[in-house]
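With mmCIF, C-alpha atoms and all ligand atoms inside, this is start.cif:
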```
data_structure
#
loop_
_atom_site.group_PDB
_atom_site.id
_atom_site.type_symbol
_atom_site.label_atom_id
_atom_site.label_comp_id
_atom_site.auth_asym_id
_atom_site.auth_seq_id
_atom_site.Cartn_x
_atom_site.Cartn_y
_atom_site.Cartn_z
ATOM 1 C CA MET A 1 32.501 24.448 6.194
ATOM 2 C CA ARG A 2 29.529 25.820 4.273
ATOM 3 C CA TRP A 3 26.578 23.765 3.130
ATOM 4 C CA LYS A 4 24.319 24.747 0.283
ATOM 5 C CA LYS A 5 20.842 23.249 0.427
ATOM 6 C CA ILE A 6 19.793 21.839 -2.937
ATOM 7 C CA SER A 7 16.103 22.146 -3.706
ATOM 8 C CA VAL A 8 14.712 19.429 -5.921
ATOM 9 C CA THR A 9 11.271 18.733 -7.332
ATOM 10 C CA ILE A 10 9.875 15.286 -7.971
ATOM 11 C CA GLU A 11 7.105 14.983 -10.566
ATOM 12 C CA LEU A 12 5.448 11.694 -11.522
ATOM 13 C CA LYS A 13 2.369 11.921 -13.712
ATOM 14 C CA HIS A 14 -0.173 9.325 -14.689
ATOM 15 C CA SER A 15 0.158 9.771 -18.441
ATOM 16 C CA ASP A 16 0.975 8.250 -21.786
ATOM 17 C CA CYS A 17 4.640 8.866 -22.587
ATOM 18 C CA LEU A 18 4.046 10.740 -25.857
ATOM 19 C CA GLU A 19 1.463 13.049 -24.336
ATOM 20 C CA TYR A 20 3.791 13.738 -21.427
ATOM 21 C CA LEU A 21 6.920 14.279 -23.534
ATOM 22 C CA ARG A 22 5.170 16.580 -26.030
ATOM 23 C CA ALA A 23 4.283 18.954 -23.192
ATOM 24 C CA LEU A 24 7.934 19.338 -22.088
ATOM 25 C CA ASP A 25 10.122 22.208 -23.297
ATOM 26 C CA ASP A 26 13.008 21.718 -25.734
ATOM 27 C CA GLU A 27 16.365 21.088 -24.051
ATOM 28 C CA SER A 28 14.916 21.056 -20.535
ATOM 29 C CA VAL A 29 16.349 17.854 -18.974
ATOM 30 C CA ASP A 30 19.895 16.809 -18.056
ATOM 31 C CA LEU A 31 19.596 13.016 -18.352
ATOM 32 C CA VAL A 32 17.107 10.617 -19.913
ATOM 33 C CA ILE A 33 16.693 7.105 -18.538
ATOM 34 C CA ALA A 34 14.190 5.110 -20.613
ATOM 35 C CA ASP A 35 13.101 1.556 -19.864
ATOM 36 C CA PRO A 36 10.370 0.981 -22.450
ATOM 37 C CA PRO A 37 8.211 -2.100 -22.988
ATOM 38 C CA TYR A 38 10.360 -4.728 -24.748
ATOM 39 C CA PHE A 39 7.702 -5.962 -27.231
ATOM 40 C CA GLU A 40 6.196 -9.369 -26.505
ATOM 41 C CA ILE A 41 8.876 -10.565 -24.079
ATOM 42 C CA ILE A 42 6.774 -10.711 -20.932
ATOM 43 C CA LYS A 43 3.073 -11.481 -20.394
ATOM 44 C CA ASP A 44 2.005 -8.127 -18.886
ATOM 45 C CA ALA A 45 -0.522 -6.259 -21.047
ATOM 46 C CA TRP A 46 1.815 -3.258 -21.337
ATOM 47 C CA ASP A 47 4.329 -5.397 -23.248
ATOM 48 C CA ASN A 48 1.754 -6.610 -25.769
ATOM 49 C CA GLN A 49 0.148 -3.416 -27.059
ATOM 50 C CA TRP A 50 1.336 -3.518 -30.686
ATOM 51 C CA LYS A 51 0.099 -5.519 -33.683
ATOM 52 C CA SER A 52 3.570 -5.968 -35.150
ATOM 53 C CA GLU A 53 7.214 -5.263 -34.483
ATOM 54 C CA ALA A 54 7.116 -2.576 -37.191
ATOM 55 C CA GLU A 55 4.320 -0.786 -35.349
ATOM 56 C CA TYR A 56 6.260 -1.050 -32.077
ATOM 57 C CA LEU A 57 9.430 0.373 -33.696
ATOM 58 C CA LYS A 58 7.451 3.274 -35.192
ATOM 59 C CA TRP A 59 6.179 4.056 -31.673
ATOM 60 C CA CYS A 60 9.767 3.829 -30.364
ATOM 61 C CA ASP A 61 10.875 6.254 -33.076
ATOM 62 C CA ASP A 62 8.257 8.773 -31.891
ATOM 63 C CA TRP A 63 9.121 8.722 -28.168
ATOM 64 C CA THR A 64 12.885 8.486 -28.737
ATOM 65 C CA LYS A 65 12.852 11.612 -30.942
ATOM 66 C CA GLU A 66 10.864 13.400 -28.254
ATOM 67 C CA CYS A 67 13.421 12.360 -25.621
ATOM 68 C CA PHE A 68 16.241 13.813 -27.723
ATOM 69 C CA ARG A 69 14.261 17.015 -28.281
ATOM 70 C CA VAL A 70 13.840 17.607 -24.542
ATOM 71 C CA LEU A 71 17.404 16.547 -23.654
ATOM 72 C CA LYS A 72 19.936 19.371 -23.323
ATOM 73 C CA PRO A 73 22.908 19.305 -25.714
ATOM 74 C CA ASN A 74 25.918 17.284 -24.525
ATOM 75 C CA LYS A 75 23.866 15.211 -22.102
ATOM 76 C CA CYS A 76 23.154 11.483 -21.968
ATOM 77 C CA PHE A 77 20.348 9.158 -23.038
ATOM 78 C CA TYR A 78 20.192 5.669 -21.465
ATOM 79 C CA VAL A 79 17.843 2.965 -22.698
ATOM 80 C CA TRP A 80 17.329 -0.483 -21.160
ATOM 81 C CA GLY A 81 16.412 -3.488 -23.231
ATOM 82 C CA THR A 82 16.945 -7.154 -23.842
ATOM 83 C CA THR A 83 18.481 -9.098 -26.699
ATOM 84 C CA LYS A 84 16.322 -12.124 -25.918
ATOM 85 C CA GLN A 85 14.755 -11.317 -29.325
ATOM 86 C CA ASP A 86 16.225 -9.094 -32.068
ATOM 87 C CA THR A 87 13.802 -6.199 -31.551
ATOM 88 C CA PHE A 88 16.205 -4.227 -29.359
ATOM 89 C CA LEU A 89 18.924 -4.599 -32.018
ATOM 90 C CA ARG A 90 16.500 -3.266 -34.642
ATOM 91 C CA TYR A 91 15.646 -0.389 -32.311
ATOM 92 C CA LYS A 92 19.360 0.464 -32.096
ATOM 93 C CA LEU A 93 19.957 0.217 -35.835
ATOM 94 C CA ASP A 94 16.730 1.673 -37.208
ATOM 95 C CA VAL A 95 15.810 4.246 -34.558
ATOM 96 C CA LEU A 96 18.762 5.375 -32.438
ATOM 97 C CA ASN A 97 21.398 5.247 -35.174
ATOM 98 C CA ASN A 98 19.214 7.467 -37.384
ATOM 99 C CA ILE A 99 18.937 10.346 -34.911
ATOM 100 C CA SER A 100 21.442 12.850 -36.270
ATOM 101 C CA ASP A 101 22.728 14.270 -32.985
ATOM 102 C CA ALA A 102 22.716 10.910 -31.106
ATOM 103 C CA HIS A 103 26.235 9.543 -30.613
ATOM 104 C CA TYR A 104 26.669 5.929 -29.552
ATOM 105 C CA GLN A 105 28.861 5.667 -26.438
ATOM 106 C CA ASN A 106 28.296 2.487 -24.410
ATOM 107 C CA TRP A 107 26.717 -0.946 -24.533
ATOM 108 C CA ILE A 108 26.391 -2.025 -20.912
ATOM 109 C CA ILE A 109 25.509 -5.519 -19.772
ATOM 110 C CA TRP A 110 23.554 -5.820 -16.539
ATOM 111 C CA ALA A 111 24.089 -9.362 -15.252
ATOM 112 C CA TYR A 112 22.090 -10.900 -12.419
ATOM 113 C CA ASP A 113 21.626 -14.338 -10.964
ATOM 114 C CA TRP A 114 18.038 -14.681 -9.851
ATOM 115 C CA GLY A 115 14.822 -16.075 -11.307
ATOM 116 C CA GLY A 116 14.002 -19.242 -13.235
ATOM 117 C CA ARG A 117 16.486 -20.747 -15.671
ATOM 118 C CA THR A 118 16.482 -23.301 -18.443
ATOM 119 C CA LYS A 119 18.579 -26.464 -18.197
ATOM 120 C CA LYS A 120 18.547 -26.932 -22.000
ATOM 121 C CA LYS A 121 21.165 -24.267 -22.799
ATOM 122 C CA PHE A 122 23.181 -21.637 -20.946
ATOM 123 C CA PRO A 123 20.485 -19.589 -19.180
ATOM 124 C CA ARG A 124 20.187 -15.953 -20.255
ATOM 125 C CA LYS A 125 20.877 -13.859 -17.149
ATOM 126 C CA HIS A 126 21.527 -10.362 -18.415
ATOM 127 C CA GLU A 127 19.861 -7.310 -19.875
ATOM 128 C CA ASP A 128 21.361 -4.635 -22.095
ATOM 129 C CA ILE A 129 21.679 -0.888 -21.590
ATOM 130 C CA LEU A 130 22.664 1.475 -24.404
ATOM 131 C CA MET A 131 24.043 4.950 -23.820
ATOM 132 C CA TYR A 132 23.997 7.674 -26.461
ATOM 133 C CA SER A 133 25.061 11.270 -25.947
ATOM 134 C CA LYS A 134 23.375 14.242 -27.600
ATOM 135 C CA GLY A 135 26.416 15.653 -29.370
ATOM 136 C CA LYS A 136 29.917 14.207 -29.180
ATOM 137 C CA GLU A 137 30.838 15.499 -25.719
ATOM 138 C CA PHE A 138 29.132 14.505 -22.471
ATOM 139 C CA PRO A 139 29.858 14.735 -18.714
ATOM 140 C CA PHE A 140 31.370 11.701 -17.003
ATOM 141 C CA HIS A 141 32.377 11.660 -13.312
ATOM 142 C CA GLY A 142 33.922 8.231 -12.955
ATOM 143 C CA ASP A 143 35.475 9.084 -9.580
ATOM 144 C CA ARG A 144 32.017 9.358 -8.019
ATOM 145 C CA VAL A 145 31.097 5.778 -8.837
ATOM 146 C CA ARG A 146 34.284 3.806 -8.150
ATOM 147 C CA ILE A 147 33.870 0.254 -6.844
ATOM 148 C CA PRO A 148 36.308 -2.201 -5.211
ATOM 149 C CA TYR A 149 38.738 -4.058 -7.492
ATOM 150 C CA LYS A 150 38.160 -7.796 -7.889
ATOM 151 C CA MET A 151 41.954 -8.350 -8.027
ATOM 152 C CA LYS A 152 43.281 -6.941 -4.759
ATOM 153 C CA LYS A 153 46.843 -6.695 -6.140
ATOM 154 C CA ASN A 154 47.693 -5.193 -9.533
ATOM 155 C CA VAL A 155 49.542 -7.865 -11.540
ATOM 156 C CA ARG A 156 51.336 -5.334 -13.767
ATOM 157 C CA VAL A 157 54.853 -4.500 -12.576
ATOM 158 C CA ASP A 158 55.074 -0.962 -11.106
ATOM 159 C CA ALA A 159 51.288 -0.480 -11.202
ATOM 160 C CA VAL A 160 49.210 -0.022 -8.069
ATOM 161 C CA ASN A 161 45.473 -0.129 -7.619
ATOM 162 C CA ASN A 162 43.740 3.189 -6.968
ATOM 163 C CA PRO A 163 42.886 3.107 -3.225
ATOM 164 C CA LEU A 164 39.472 4.591 -4.069
ATOM 165 C CA GLY A 165 38.645 1.585 -6.269
ATOM 166 C CA LYS A 166 38.083 1.241 -9.997
ATOM 167 C CA ILE A 167 35.701 2.853 -12.429
ATOM 168 C CA PRO A 168 33.127 0.158 -13.283
ATOM 169 C CA THR A 169 33.519 -1.493 -16.679
ATOM 170 C CA ASP A 170 30.587 -1.943 -19.053
ATOM 171 C CA VAL A 171 29.618 -5.211 -17.329
ATOM 172 C CA TRP A 172 27.489 -4.514 -14.242
ATOM 173 C CA THR A 173 26.496 -7.163 -11.756
ATOM 174 C CA LYS A 174 23.611 -6.495 -9.437
ATOM 175 C CA ASN A 175 20.911 -8.761 -8.216
ATOM 176 C CA ASN A 176 17.379 -7.562 -7.877
ATOM 177 C CA HIS A 177 15.363 -9.947 -5.760
ATOM 178 C CA THR A 178 11.852 -9.239 -6.936
ATOM 179 C CA THR A 179 10.387 -11.252 -4.111
ATOM 180 C CA SER A 180 12.347 -9.473 -1.389
ATOM 181 C CA LYS A 181 10.252 -7.039 0.603
ATOM 182 C CA GLU A 182 12.608 -4.159 -0.205
ATOM 183 C CA TYR A 183 11.674 -4.504 -3.863
ATOM 184 C CA ALA A 184 8.390 -3.712 -5.497
ATOM 185 C CA GLY A 185 6.912 -7.174 -5.723
ATOM 186 C CA TRP A 186 3.997 -5.607 -7.621
ATOM 187 C CA HIS A 187 6.037 -4.700 -10.725
ATOM 188 C CA SER A 188 7.620 -7.379 -12.876
ATOM 189 C CA THR A 189 10.587 -5.504 -14.341
ATOM 190 C CA GLN A 190 11.884 -2.959 -11.848
ATOM 191 C CA LYS A 191 15.570 -2.114 -12.127
ATOM 192 C CA PRO A 192 18.117 -1.915 -9.261
ATOM 193 C CA ILE A 193 18.148 1.510 -7.644
ATOM 194 C CA ALA A 194 21.914 1.238 -7.043
ATOM 195 C CA LEU A 195 22.581 1.018 -10.793
ATOM 196 C CA LEU A 196 20.316 3.952 -11.535
ATOM 197 C CA GLU A 197 22.178 5.953 -8.871
ATOM 198 C CA ARG A 198 25.434 5.059 -10.621
ATOM 199 C CA ILE A 199 24.124 6.427 -13.930
ATOM 200 C CA ILE A 200 22.802 9.598 -12.304
ATOM 201 C CA LEU A 201 25.950 10.310 -10.271
ATOM 202 C CA ALA A 202 28.237 9.709 -13.264
ATOM 203 C CA HIS A 203 26.479 12.139 -15.614
ATOM 204 C CA THR A 204 24.640 14.821 -13.616
ATOM 205 C CA GLU A 205 25.052 17.374 -10.826
ATOM 206 C CA PRO A 206 22.879 17.863 -7.728
ATOM 207 C CA GLY A 207 19.748 19.802 -8.712
ATOM 208 C CA ASP A 208 19.838 18.571 -12.344
ATOM 209 C CA VAL A 209 16.684 17.115 -13.902
ATOM 210 C CA VAL A 210 16.390 13.386 -14.654
ATOM 211 C CA LEU A 211 13.612 12.196 -17.000
ATOM 212 C CA ASP A 212 12.057 8.711 -17.128
ATOM 213 C CA CYS A 213 8.910 8.421 -19.271
ATOM 214 C CA PHE A 214 8.343 4.697 -18.430
ATOM 215 C CA SER A 215 8.604 5.020 -14.687
ATOM 216 C CA GLY A 216 7.198 1.573 -13.764
ATOM 217 C CA ALA A 217 7.866 0.976 -10.078
ATOM 218 C CA GLY A 218 9.440 4.431 -9.723
ATOM 219 C CA SER A 219 13.054 3.240 -9.513
ATOM 220 C CA SER A 220 14.570 6.238 -11.385
ATOM 221 C CA MET A 221 12.440 8.599 -9.337
ATOM 222 C CA ILE A 222 13.747 7.079 -6.091
ATOM 223 C CA ALA A 223 17.360 7.085 -7.343
ATOM 224 C CA SER A 224 16.986 10.765 -8.326
ATOM 225 C CA HIS A 225 15.622 11.678 -4.906
ATOM 226 C CA ARG A 226 18.405 9.780 -3.123
ATOM 227 C CA THR A 227 21.050 11.653 -5.119
ATOM 228 C CA ASP A 228 19.465 15.138 -4.791
ATOM 229 C CA ARG A 229 18.385 15.397 -8.427
ATOM 230 C CA SER A 230 15.003 16.636 -9.627
ATOM 231 C CA PHE A 231 12.835 14.129 -11.436
ATOM 232 C CA LYS A 232 10.250 14.324 -14.189
ATOM 233 C CA GLY A 233 8.441 11.206 -15.273
ATOM 234 C CA CYS A 234 5.270 9.440 -16.230
ATOM 235 C CA GLU A 235 3.700 5.995 -16.204
ATOM 236 C CA PHE A 236 0.416 5.013 -17.795
ATOM 237 C CA GLU A 237 -0.770 2.437 -15.217
ATOM 238 C CA SER A 238 -2.373 4.468 -12.416
ATOM 239 C CA GLU A 239 -1.815 1.665 -9.875
ATOM 240 C CA TYR A 240 1.956 1.809 -10.493
ATOM 241 C CA VAL A 241 1.960 5.580 -10.029
ATOM 242 C CA GLU A 242 0.259 5.362 -6.641
ATOM 243 C CA LYS A 243 2.481 2.529 -5.439
ATOM 244 C CA SER A 244 5.606 4.347 -6.651
ATOM 245 C CA TRP A 245 4.845 7.263 -4.353
ATOM 246 C CA GLU A 246 4.506 4.825 -1.436
ATOM 247 C CA ARG A 247 7.784 3.173 -2.445
ATOM 248 C CA LEU A 248 9.479 6.581 -2.534
ATOM 249 C CA GLU A 249 8.366 7.196 1.060
ATOM 250 C CA LYS A 250 10.065 3.969 2.164
ATOM 251 C CA LEU A 251 13.270 4.244 0.148
ATOM 252 C CA SER A 252 13.737 7.972 -0.286
ATOM 253 C CA HIS A 253 17.021 8.247 1.591
ATOM 254 C CA LYS A 254 20.302 6.361 1.418
ATOM 255 C CA SER A 255 19.939 5.434 5.080
ATOM 256 C CA ASN A 256 16.830 3.396 4.230
ATOM 257 C CA LYS A 257 17.476 -0.319 4.207
ATOM 258 C CA GLY A 258 17.102 -2.330 1.048
ATOM 259 C CA GLU A 259 18.737 -2.516 -2.362
ATOM 260 C CA LYS A 260 21.786 -4.388 -1.019
ATOM 261 C CA ASN A 261 21.268 -7.439 -3.135
ATOM 262 C CA ASP A 262 24.583 -8.506 -4.657
HETATM 263 C C1 LIG B 301 10.049 -2.026 -18.391
HETATM 264 S S1 LIG B 301 8.847 -1.241 -17.422
HETATM 265 C C2 LIG B 301 9.743 0.030 -16.547
HETATM 266 C C3 LIG B 301 10.281 -0.434 -15.205
HETATM 267 C C4 LIG B 301 11.014 0.663 -14.460
HETATM 268 N N1 LIG B 301 12.267 0.996 -15.097
HETATM 269 C C5 LIG B 301 11.323 0.266 -13.024
HETATM 270 O O1 LIG B 301 12.501 0.138 -12.646
HETATM 271 O O2 LIG B 301 10.385 0.049 -12.279
HETATM 272 C C6 LIG B 301 7.970 -0.327 -18.613
HETATM 273 C C7 LIG B 301 6.826 0.497 -18.049
HETATM 274 O O3 LIG B 301 6.302 1.307 -19.096
HETATM 275 C C8 LIG B 301 4.901 1.501 -18.878
HETATM 276 N N2 LIG B 301 4.306 1.915 -20.152
HETATM 277 C C9 LIG B 301 3.970 1.133 -21.210
HETATM 278 N N3 LIG B 301 3.475 1.884 -22.207
HETATM 279 C C10 LIG B 301 3.501 3.168 -21.783
HETATM 280 C C11 LIG B 301 3.133 4.399 -22.371
HETATM 281 N N4 LIG B 301 2.610 4.473 -23.599
HETATM 282 N N5 LIG B 301 3.315 5.536 -21.666
HETATM 283 C C12 LIG B 301 3.842 5.479 -20.393
HETATM 284 N N6 LIG B 301 4.195 4.339 -19.779
HETATM 285 C C13 LIG B 301 4.025 3.200 -20.472
HETATM 286 C C14 LIG B 301 4.452 0.132 -18.358
HETATM 287 O O4 LIG B 301 3.249 0.224 -17.619
HETATM 288 C C15 LIG B 301 5.643 -0.307 -17.519
HETATM 289 O O5 LIG B 301 5.450 -0.012 -16.154
#
```

Please, can you express the file's structure as structure tokens?
Amino acid sequence: MRWKKISVTIELKHSDCLEYLRALDDESVDLVIADPPYFEIIKDAWDNQWKSEAEYLKWCDDWTKECFRVLKPNKCFYVWGTTKQDTFLRYKLDVLNNISDAHYQNWIIWAYDWGGRTKKKFPRKHEDILMYSKGKEFPFHGDRVRIPYKMKKNVRVDAVNNPLGKIPTDVWTKNNHTTSKEYAGWHSTQKPIALLERIILAHTEPGDVVLDCFSGAGSSMIASHRTDRSFKGCEFESEYVEKSWERLEKLSHKSNKGEKND
């Protein structure tokens, strides 16, 4: 058997997203994962930078267009958000749907079961992830990300479950215990590395370049490293950048413990 060593580069800059994106070449990345501020959902200063929703959406229009400029044709753009307020819906309708080569593909629900919850109505325990492709066609390697079936036996006559498991639906369940020591307790909205690995494995090849211009606790960077992809990203809080590098040291390989939080 022959092994080919994949060389990857990991770049995380302390920078504003627009400054960072404007310096990147056209069509130079293979996947964009964006997890922007939500706009006045959480208390952190980074979520409260805009005077109005209109100003926030104008800013979103600027960075989203830059992301599509640097994305290669027929590759994927993922964006995380929440429908706790309607801002994310307006972002979809007014920004994403008006980018001519952006094709809507998936609305994924990430459901979790941690954190405080109201007793006055059904508690909201999910976030939303939209996927658009640049052009109609895009790579999808469902076989790489199969998971066990919930129903062990297929109830349809003459049908059998695939022994390798099923391709995940658009409802993803993964807990992310922010207080657990494996997680970055210093960042309020970090996303599960296992789900980012799923996105990366499904749409890219080893050595490809993943971009995240709102790196936060460095979750996409770590997922890229663990899957042998190169990473380009930025984050404008210098403290988060420094701590992300430390987090990468601890979680850089699949053999590292942590992230098993279902
Ligand atoms: C929702 S969090 C991202 C969390 C990240 N996905 C993770 O898993 O850790 C959004 C991040 O965007 C950063 N941010 C806000 N405005 C920015 C800007 N103009 N340029 C770059 N980063 C920015 C915030 O500091 C925050 O860490």

ask   = Using all atoms listed in the file, what are the residues with an atom within 7 Å of ligand LIG 301 (chain B), set out as a count of residues only?
value = 28

message = Suppose a student applies the PyMOL selection byres (((chain A and resi 145-153) around 9) and not hetatm) to this structure; what residues should they get, written as an MDAnalysis selection string?
response = chainID A and resid 141:144 154:156 160:168 197:199 201:202

query = Which polymer residues have any atom within 10 Å of an atom of A:Gly116, counting all atoms listed in the file, with same-chain residues fewer than 4 positions away left out, as a PyMOL selection string?
reply = chain A and resi 123-125

Spatial neighbours of A:Gln105, 9 Å, all atoms listed in the file, chain gap at least 4 places, as an MDAnalysis selection string = chainID A and resid 130:133

inquiry  = Running the PyMOL selection byres (((chain A and resi 88) around 12) and not hetatm) on this model by hand, what would come out? Give it as a PyMOL selection string.
reply    = chain A and resi 35-41+53+56-57+60+79-87+89-96+127-130

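This file gives the following result for the PyMOL selection byres (((chain A and resi 30) around 6) and not hetatm): Val29, Leu31, Lys72, Lys75, Asp208, Val209 and Val210 of chain A.
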
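Atom pair atom CA of A:Leu21 / atom CA of A:Cys67 has a distance of 7.1 Å (rounded to one decimal).
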
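Nearest residue to A:His203, choosing from A:Asn74, A:Glu242, A:Val171, A:Met221 and counting only C-alpha atoms: A:Asn74.
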
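Put simply, atom CA of A:Val241 is 17.1 Å away from atom CA of A:Ile33.
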
note = Expressed in Å, the length from atom CA of A:Trp172 to atom CA of A:Pro139 is 19.9 Å

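Nearest to A:Ser252 of all the residues A:Arg229, A:Phe122, A:Ser238, A:Tyr78 is A:Arg229, based on only C-alpha atoms.
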